[in-house]
Every structure is written in C-alpha cells, then in structure tokens.
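The file target-v2.cif comes next; it holds mmCIF, C-alpha atoms and all ligand atoms.
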data_model
#
loop_
_atom_site.label_atom_id
_atom_site.label_comp_id
_atom_site.auth_asym_id
_atom_site.auth_seq_id
_atom_site.Cartn_x
_atom_site.Cartn_y
_atom_site.Cartn_z
CA MET N 288 86.12 -20.19 12.29
CA GLU N 289 89.07 -22.56 12.38
CA LYS N 290 92.29 -20.60 12.97
CA ARG N 291 94.63 -22.28 10.52
CA LEU N 292 96.91 -19.20 10.27
CA ASN N 293 97.42 -18.36 13.93
CA GLY N 294 100.52 -16.24 14.57
CA GLN N 295 101.31 -15.76 10.88
CA LYS N 296 101.98 -12.45 9.17
CA ALA N 297 100.33 -11.77 5.83
CA LEU N 298 100.45 -9.03 3.23
CA VAL N 299 97.64 -8.69 0.68
CA THR N 300 98.16 -6.25 -2.19
CA GLY N 301 95.29 -4.20 -3.56
CA ALA N 302 93.33 -5.14 -0.49
CA ASN N 303 90.92 -2.32 0.35
CA SER N 304 88.17 -3.42 -2.05
CA GLY N 305 86.75 -6.39 -3.94
CA ILE N 306 88.53 -9.74 -3.80
CA GLY N 307 91.53 -8.33 -1.89
CA ALA N 308 89.36 -7.02 0.96
CA ALA N 309 87.65 -10.40 1.33
CA ILE N 310 91.03 -12.16 1.40
CA ALA N 311 92.34 -9.78 4.09
CA GLN N 312 89.26 -10.42 6.23
CA ARG N 313 89.46 -14.18 5.80
CA LEU N 314 93.18 -14.42 6.63
CA ALA N 315 92.61 -12.25 9.71
CA ALA N 316 89.63 -14.40 10.77
CA GLU N 317 91.94 -17.43 10.55
CA GLY N 318 94.40 -15.79 12.94
CA ALA N 319 96.91 -13.99 10.69
CA GLU N 320 98.00 -10.40 11.25
CA VAL N 321 97.36 -8.70 7.95
CA VAL N 322 98.86 -5.79 6.06
CA ILE N 323 96.30 -4.23 3.74
CA ASN N 324 98.23 -2.72 0.85
CA PHE N 325 96.35 -0.10 -1.14
CA LEU N 326 96.96 2.87 -3.40
CA PHE N 327 93.68 4.81 -3.47
CA ASN N 328 90.86 5.49 -1.02
CA ASP N 329 92.46 5.81 2.43
CA SER N 330 89.08 5.85 4.16
CA ALA N 331 88.11 2.44 2.71
CA THR N 332 91.32 1.06 4.21
CA ASP N 333 90.58 2.61 7.61
CA GLU N 334 87.10 1.09 7.58
CA LEU N 335 88.44 -2.34 6.68
CA VAL N 336 91.05 -2.20 9.48
CA LYS N 337 88.28 -1.24 11.94
CA LYS N 338 86.06 -4.06 10.69
CA ILE N 339 88.85 -6.63 11.10
CA GLU N 340 89.71 -5.32 14.57
CA ALA N 341 86.04 -5.35 15.61
CA GLY N 342 86.02 -9.06 14.73
CA GLY N 343 89.02 -9.65 17.02
CA GLY N 344 91.62 -9.63 14.22
CA LYS N 345 94.72 -7.53 13.65
CA ALA N 346 95.41 -5.43 10.55
CA MET N 347 97.17 -2.32 9.33
CA GLY N 348 97.05 -0.40 6.07
CA ILE N 349 100.17 0.48 4.05
CA LYS N 350 99.88 2.72 1.02
CA ALA N 351 102.20 1.78 -1.86
CA ASP N 352 102.17 1.45 -5.63
CA VAL N 353 103.17 -2.18 -6.23
CA SER N 354 104.78 -1.27 -9.56
CA ASN N 355 107.20 1.16 -7.87
CA GLU N 356 110.37 -0.49 -6.55
CA GLU N 357 111.10 2.11 -3.86
CA GLN N 358 107.55 2.10 -2.57
CA VAL N 359 107.48 -1.70 -2.44
CA ASP N 360 110.80 -1.79 -0.55
CA ALA N 361 109.49 0.82 1.90
CA MET N 362 106.23 -1.11 2.40
CA PHE N 363 108.03 -4.35 3.29
CA LYS N 364 110.37 -2.46 5.63
CA GLN N 365 107.36 -0.93 7.39
CA MET N 366 105.72 -4.34 7.66
CA PHE N 367 108.83 -5.98 9.13
CA LYS N 368 109.16 -3.16 11.64
CA ALA N 369 105.58 -3.66 12.79
CA TYR N 370 105.17 -7.45 12.43
CA GLY N 371 108.77 -8.75 12.38
CA THR N 372 108.49 -10.84 9.22
CA ILE N 373 106.15 -12.19 6.52
CA ASP N 374 104.72 -15.71 6.16
CA ILE N 375 102.08 -15.17 3.46
CA LEU N 376 102.11 -12.83 0.46
CA VAL N 377 98.95 -12.54 -1.62
CA ASN N 378 99.63 -10.81 -4.94
CA ASN N 379 96.15 -9.53 -5.62
CA ALA N 380 96.58 -5.99 -7.02
CA GLY N 381 95.57 -5.90 -10.65
CA ILE N 382 93.94 -3.79 -13.33
CA GLU N 383 92.40 -4.31 -16.74
CA ILE N 384 92.10 -1.75 -19.54
CA HIS N 385 89.82 -2.52 -22.47
CA ASN N 386 91.08 -1.75 -25.97
CA LEU N 387 91.53 -3.46 -29.30
CA LEU N 388 95.16 -3.80 -30.28
CA GLU N 389 94.91 -1.34 -33.17
CA ASN N 390 93.90 1.41 -30.72
CA MET N 391 95.98 0.40 -27.69
CA THR N 392 98.46 3.02 -26.56
CA LYS N 393 101.91 2.21 -25.24
CA ALA N 394 100.87 3.92 -21.98
CA GLU N 395 97.88 1.57 -21.57
CA TRP N 396 100.03 -1.50 -22.28
CA ASP N 397 102.77 -0.33 -19.90
CA LYS N 398 100.28 0.38 -17.09
CA VAL N 399 98.73 -3.10 -17.17
CA ILE N 400 102.14 -4.80 -17.35
CA ALA N 401 103.50 -2.59 -14.54
CA VAL N 402 100.74 -3.27 -12.02
CA ASN N 403 99.89 -6.89 -12.82
CA LEU N 404 103.28 -8.34 -13.71
CA THR N 405 106.04 -6.04 -12.42
CA GLY N 406 104.07 -5.56 -9.20
CA ASN N 407 103.97 -9.33 -8.75
CA PHE N 408 107.73 -9.58 -9.41
CA LEU N 409 108.65 -6.80 -6.94
CA CYS N 410 106.46 -8.06 -4.10
CA SER N 411 107.40 -11.70 -4.67
CA ARG N 412 111.11 -10.81 -4.62
CA SER N 413 110.81 -8.91 -1.33
CA ALA N 414 108.79 -11.74 0.22
CA ILE N 415 111.20 -14.45 -0.95
CA ARG N 416 114.20 -12.57 0.46
CA GLN N 417 112.50 -12.48 3.85
CA PHE N 418 111.16 -16.06 3.68
CA LEU N 419 114.75 -17.24 3.30
CA GLN N 420 115.51 -15.66 6.71
CA ASN N 421 112.47 -17.25 8.39
CA GLU N 422 113.15 -19.86 11.07
CA ASN N 423 110.71 -21.58 13.42
CA ARG N 424 107.61 -19.94 12.00
CA PRO N 425 104.13 -21.23 12.95
CA SER N 426 103.77 -23.00 9.59
CA LYS N 427 105.38 -26.05 8.00
CA ALA N 428 106.54 -23.94 5.03
CA ARG N 429 109.11 -21.16 5.38
CA GLY N 430 106.82 -18.89 3.38
CA LYS N 431 103.89 -18.95 0.98
CA ILE N 432 102.87 -16.85 -2.01
CA VAL N 433 99.38 -16.97 -3.49
CA ASN N 434 98.83 -15.07 -6.73
CA ILE N 435 95.40 -13.92 -7.80
CA SER N 436 95.50 -14.82 -11.46
CA SER N 437 92.39 -15.27 -13.61
CA VAL N 438 90.66 -17.74 -15.90
CA HIS N 439 92.23 -15.45 -18.50
CA GLN N 440 95.59 -17.07 -17.90
CA VAL N 441 94.15 -19.75 -20.22
CA ILE N 442 91.00 -18.21 -21.79
CA MET N 443 91.75 -15.69 -24.53
CA TRP N 444 89.70 -12.47 -24.25
CA ALA N 445 89.22 -10.05 -27.15
CA GLY N 446 89.75 -6.45 -26.08
CA PHE N 447 91.85 -7.48 -23.09
CA SER N 448 95.02 -8.83 -24.71
CA SER N 449 97.32 -6.92 -22.35
CA TYR N 450 95.46 -8.28 -19.30
CA CYS N 451 95.62 -11.84 -20.68
CA ALA N 452 99.35 -11.46 -21.37
CA THR N 453 99.95 -10.54 -17.72
CA LYS N 454 97.83 -13.36 -16.31
CA ALA N 455 99.46 -15.98 -18.54
CA GLY N 456 102.82 -14.44 -17.61
CA ILE N 457 102.12 -14.68 -13.90
CA ASN N 458 101.46 -18.39 -14.29
CA LEU N 459 104.83 -19.37 -15.73
CA PHE N 460 106.69 -16.79 -13.63
CA ALA N 461 105.16 -18.28 -10.48
CA GLN N 462 105.83 -21.86 -11.56
CA SER N 463 109.47 -21.07 -12.35
CA VAL N 464 109.93 -19.39 -8.97
CA ALA N 465 108.13 -22.28 -7.28
CA GLN N 466 110.69 -24.59 -8.88
CA GLU N 467 113.55 -22.37 -7.66
CA TYR N 468 112.46 -22.34 -4.02
CA ALA N 469 110.61 -25.61 -3.33
CA GLU N 470 113.73 -27.10 -1.69
CA LYS N 471 113.77 -24.13 0.69
CA LYS N 472 110.21 -25.05 1.75
CA ILE N 473 108.65 -22.05 0.06
CA ARG N 474 105.32 -22.69 -1.70
CA ILE N 475 103.96 -20.59 -4.55
CA ASN N 476 100.50 -21.13 -6.02
CA SER N 477 97.82 -19.21 -7.87
CA VAL N 478 94.08 -18.90 -7.57
CA ALA N 479 92.35 -18.22 -10.88
CA PRO N 480 88.95 -16.61 -10.35
CA GLY N 481 86.28 -16.51 -13.04
CA ALA N 482 83.54 -13.90 -12.98
CA ILE N 483 83.45 -12.74 -9.37
CA LYS N 484 81.00 -9.95 -8.50
CA THR N 485 83.25 -6.93 -7.84
CA PRO N 486 83.55 -3.33 -9.06
CA ILE N 487 85.91 -4.49 -11.85
CA ASN N 488 83.04 -6.09 -13.80
CA GLN N 489 80.12 -3.97 -12.59
CA ASN N 490 79.33 -3.04 -16.20
CA VAL N 491 78.44 -6.72 -16.79
CA TRP N 492 76.46 -7.61 -13.66
CA SER N 493 74.53 -4.34 -13.47
CA ASP N 494 73.16 -4.92 -17.00
CA PRO N 495 70.54 -7.71 -17.44
CA LYS N 496 71.75 -8.41 -20.99
CA GLY N 497 75.35 -8.65 -19.77
CA MET N 498 74.27 -11.07 -17.03
CA ALA N 499 72.29 -13.23 -19.49
CA ASP N 500 75.36 -13.47 -21.72
CA LEU N 501 77.61 -14.24 -18.75
CA MET N 502 75.35 -17.08 -17.66
CA THR N 503 75.85 -18.83 -21.04
CA LYS N 504 79.53 -19.02 -20.03
CA MET N 505 78.81 -20.18 -16.48
CA PRO N 506 77.86 -23.85 -15.96
CA TYR N 507 77.37 -23.36 -12.21
CA GLY N 508 74.63 -20.78 -12.82
CA ARG N 509 75.80 -17.91 -10.62
CA MET N 510 78.54 -15.33 -10.41
CA GLY N 511 81.25 -15.99 -7.88
CA GLU N 512 81.36 -14.17 -4.56
CA VAL N 513 84.57 -12.69 -3.18
CA GLU N 514 84.35 -15.16 -0.29
CA ASP N 515 84.64 -18.06 -2.76
CA VAL N 516 88.07 -16.76 -3.74
CA ALA N 517 89.11 -15.90 -0.17
CA ALA N 518 88.38 -19.47 0.98
CA ALA N 519 90.69 -20.87 -1.72
CA VAL N 520 93.46 -18.43 -0.75
CA ALA N 521 93.16 -19.35 2.93
CA PHE N 522 93.41 -23.05 2.07
CA LEU N 523 96.51 -22.62 -0.12
CA SER N 524 98.10 -20.46 2.61
CA SER N 525 97.48 -23.05 5.30
CA ASP N 526 99.36 -26.21 6.24
CA GLU N 527 96.48 -28.23 4.79
CA ALA N 528 98.05 -27.35 1.43
CA ASP N 529 101.59 -28.09 2.61
CA TYR N 530 102.30 -30.48 -0.28
CA ILE N 531 100.91 -28.11 -2.94
CA THR N 532 103.22 -25.83 -4.89
CA GLY N 533 103.45 -24.50 -8.44
CA THR N 534 99.81 -25.05 -9.27
CA THR N 535 96.66 -23.07 -10.01
CA LEU N 536 93.33 -23.58 -8.30
CA TYR N 537 90.48 -22.41 -10.57
CA VAL N 538 87.56 -20.81 -8.72
CA ASP N 539 85.33 -20.18 -11.70
CA GLY N 540 82.00 -22.04 -11.50
CA GLY N 541 83.14 -24.11 -14.46
CA MET N 542 83.98 -21.23 -16.81
CA CYS N 543 86.98 -23.16 -18.13
CA LEU N 544 84.86 -26.20 -19.07
CA TYR N 545 84.10 -25.10 -22.67
CA PRO N 546 80.49 -24.38 -21.58
CA GLU N 547 79.25 -23.80 -25.15
CA PHE N 548 79.56 -27.56 -25.68
CA ARG N 549 76.56 -28.02 -23.40
CA PHE N 550 74.45 -27.10 -26.42
CA GLY N 551 76.06 -29.37 -29.03
CA GLY N 552 79.41 -30.18 -30.52
C1 LIG N 601 88.17 -10.20 -14.92
C2 LIG N 601 86.69 -9.90 -14.87
C3 LIG N 601 85.92 -10.92 -15.70
C4 LIG N 601 86.33 -12.33 -15.36
C5 LIG N 601 85.67 -13.37 -16.26
C6 LIG N 601 88.42 -11.62 -14.57
O1 LIG N 601 89.77 -11.90 -14.65
O2 LIG N 601 88.84 -9.33 -14.01
O3 LIG N 601 86.45 -8.59 -15.33
O4 LIG N 601 84.52 -10.76 -15.45
O5 LIG N 601 87.72 -12.46 -15.47
O6 LIG N 601 85.76 -13.06 -17.61
#
Spell out the structure here as structure tokens.
Ligand code: BGC
Amino acid sequence: MEKRLNGQKALVTGANSGIGAAIAQRLAAEGAEVVINFLFNDSATDELVKKIEAGGGKAMGIKADVSNEEQVDAMFKQMFKAYGTIDILVNNAGIEIHNLLENMTKAEWDKVIAVNLTGNFLCSRSAIRQFLQNENRPSKARGKIVNISSVHQVIMWAGFSSYCATKAGINLFAQSVAQEYAEKKIRINSVAPGAIKTPINQNVWSDPKGMADLMTKMPYGRMGEVEDVAAAVAFLSSDEADYITGTTLYVDGGMCLYPEFRFGG
C-alpha cells in the first residue's frame, strides 16, 4: 500500500471497533503512528494494536471518555509524550440512542450531545492547540482533522432526533473552525457515511426484512464496508487532499440521492 502518511502521528477516537478500527488500521498501513482511543473493551484494543504491529505498523491504545475534559487533556498529554505531536485527528467516537421525542429523557439527550458533539469540540480544541505549534512536519498542512459525521447531517431520521442534531451540528462547527484556521494551514473536513455494516446497525442487517427495506434506500445495492470509509479518511488526511478544507465527503452508496424517485415522481 502507498504510504501517504509516513512519519505522521494520528489519533482516532472510538477506534477499537467498527469504522474507527478500520480507520486506525488504514492510517497505520499508510505509515502513520496511531493512537487508538477507546472507552470500553480493553482486550479489543490490545488485539487491534497487535494486528497493526504484526502488519509492520505502530499503534498504542489510550483509554479516555471523549466527553470528559480532564480525560481528553490527559490523553493528548500521553500521546505527545509518546509520539511528540499530532498531525491527524479523526473524530470518530459516536453513539445513537433511539427514542421518540415525547419519551426522550434529558439523560439520553445529554449523553448523545456529550459524546458526539462535546467530544468533537474537546478533541478538536486539543488538536488545534498542538497543530499551531507544529513546524516542519511531514505533511504540507500543519494539521488535519477528519470528522466522522453521517448522512444524517442532512437526512432527517425519526426516532433519532438527538443523533441528527449532533451530526448537523458537527458540520457547521467544523466548517466554522475550518474558516478560523485555514490561513494557519490547518484543514478540517468530514466524511459522512451512510449505512456501513457495523455493530451500531446490526439490528438492521441481521434481519432480512430490515435489509430489504434498507436496499430501497440504497441505489448502489449494497451496504458499505468499514474499509470504504477508511479509504476516504486516508485520502482527506493525505497531501492529495491538500487543497480541500471545510467540506464533507459522502460515502453512502447514493443514500442522499432521493432514491425513492427511482420509482416515480
Ligand atoms: C447510523 C447507522 C445508520 C446509517 C444510515 C448512520 O449514521 O449510525 O445506524 O444505519 O446512518 O441510516
């Protein structure tokens, strides 16, 4: 594999399963040293580190709750001690809690906002502070942030209003920050996955009826694989995307193309 990220230091949040794990592996395969942030399942992190090292890459796990300011500060400190700096932050950690608004508790709302939005703010702030200190890094940009958003930053989704609020929020937060720091040669972009086969939507893909319904929303005729998302993240992190900032790359098999209109209008 082409090593577009040689010598760079990356941190991927929520990275010991699903999309995050694939991103960590891809960035490492392209030559980056990778911090795998996680909160649960220490053994999954250990296995992923071993897998990356077996492939000739470098990685380490750091446990931290991205919605907790002290834990985020401590994680970045630990990373800088081990790797010296950060070149690439991937804000991937995210959760979704299903509920109609009439039944939604304040605790459910707060949890989704805390992980998806406050977590993004805290990690982005720590990364930006360090990017501003970066000199002579092995990349044209001083630093890069890639957010894992969702098609639900534009597609409304009944039962997931809190999740949609965070994903739409990430979009304009990221664009505003991209505007603030473009002149410092810091690039901030998002990848918006559609239905990617991971544990988060297992209830859909493990049920034939759920899959049949999903396919009516999916012009490309298949669910996405985690590697589809990881490839987009690697591209946006690399110098091939050096002139790209403040935008979203949709990786959704056409989910945003109003697929119902295939059958009439
Ligand atoms: C959600 C998945 C869902 C997909 C498409 C993602 O943002 O995390 O659960 O399958 O959007 O609706």
Ref. answer, residues at most 8 Å from (96.3, -21.9, -3.1) with all atoms listed in the file, as number ranges by chain: N: 433, 475-478, 519-524, 528, 531, 534-536
Pick out the closest residue to Asn355 in chain N from this set: N:Thr405, N:Asn328, N:Asn390, N:Ser493. Count all atoms listed in the file.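 Looking at the shortest contact to Asn355 in chain N, the residue is N:Thr405.
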With a cut-off of 8 Å, could you pull out the residues of chain N touching ligand LIG 601 (chain N) and give me the nearest pair of atoms for each, distance in Å to one decimal, using all atoms listed in the file, ordered by chain and ascending number, as a Markdown table?
| residue | atom | partner | partner_atom | distance |
| --- | --- | --- | --- | --- |
| N:Ile382 | CA | N:LIG601 | O2 | 7.6 |
| N:Glu383 | CA | N:LIG601 | O2 | 6.7 |
| N:Ser436 | CA | N:LIG601 | O1 | 7.2 |
| N:Ser437 | CA | N:LIG601 | O1 | 4.4 |
| N:Val438 | CA | N:LIG601 | O1 | 6.0 |
| N:His439 | CA | N:LIG601 | O1 | 5.8 |
| N:Trp444 | CA | N:LIG601 | O6 | 7.7 |
| N:Ala479 | CA | N:LIG601 | O1 | 7.8 |
| N:Pro480 | CA | N:LIG601 | O1 | 6.4 |
| N:Gly481 | CA | N:LIG601 | C5 | 4.5 |
| N:Ala482 | CA | N:LIG601 | C5 | 3.9 |
| N:Ile483 | CA | N:LIG601 | O4 | 6.5 |
| N:Lys484 | CA | N:LIG601 | O4 | 7.8 |
| N:Ile487 | CA | N:LIG601 | O3 | 5.4 |
| N:Asn488 | CA | N:LIG601 | O3 | 4.5 |
| N:Val491 | CA | N:LIG601 | O4 | 7.4 |
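If only C-alpha atoms are the atoms counted, then among N:Glu389, N:Asn324, N:Asp397, N:Phe548 the closest residue to Gln358 in chain N is N:Asn324.
CA of Lys393 in chain N to CA of Ile457 in chain N spans 20.3 Å [interatomic distance, one decimal].
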Between N:Ala311, N:Val516, N:Ala316, N:Ile349, which has the minimum distance to Leu335 in chain N (counting only C-alpha atoms)? N:Ala311
Quote the spacing between CA of Ile432 in chain N and CA of Arg412 in chain N in Å to one decimal place. 10.5 Å
Find, counting all atoms listed in the file, the residue in N:Ala469, N:Val322, N:Ala394, N:Val353 that gets nearest to Gln295 in chain N.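 Result for the nearest residue to Gln295 in chain N: N:Val322.
Distance annotation: of N:Glu334, N:Glu289, N:Glu340, N:Asp515, the residue with the minimal separation from Gly540 in chain N is N:Asp515; atom set is only C-alpha atoms.
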Between N:Ala341, N:Ala445, N:Met510, N:Met362, which has the minimum distance to Thr300 in chain N (counting all atoms listed in the file)?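 Counting all atoms listed in the file, the residue closest to Thr300 in chain N is N:Met362.
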Tell me, in Å to one decimal, how far CA of Lys368 in chain N is from CA of Arg416 in chain N.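 Between CA of Lys368 in chain N and CA of Arg416 in chain N the gap works out to 15.5 Å.
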Counting only C-alpha atoms, select every polymer residue within 12 Å of (115.0, -26.5, 0.1) as defined in the file's coordinates, and provide the selection as a compact mmCIF listing (two decimals) with C-alpha atoms, keeping the file's coordinate frame.
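File written: out25.txt
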# COMPACT_ATOMS: atom_id res chain seq x y z
CA PHE N 418 111.16 -16.06 3.68
CA LEU N 419 114.75 -17.24 3.30
CA ALA N 428 106.54 -23.94 5.03
CA ARG N 429 109.11 -21.16 5.38
CA GLY N 430 106.82 -18.89 3.38
CA ALA N 465 108.13 -22.28 -7.28
CA GLN N 466 110.69 -24.59 -8.88
CA GLU N 467 113.55 -22.37 -7.66
CA TYR N 468 112.46 -22.34 -4.02
CA ALA N 469 110.61 -25.61 -3.33
CA GLU N 470 113.73 -27.10 -1.69
CA LYS N 471 113.77 -24.13 0.69
CA LYS N 472 110.21 -25.05 1.75
CA ILE N 473 108.65 -22.05 0.06
CA ARG N 474 105.32 -22.69 -1.70
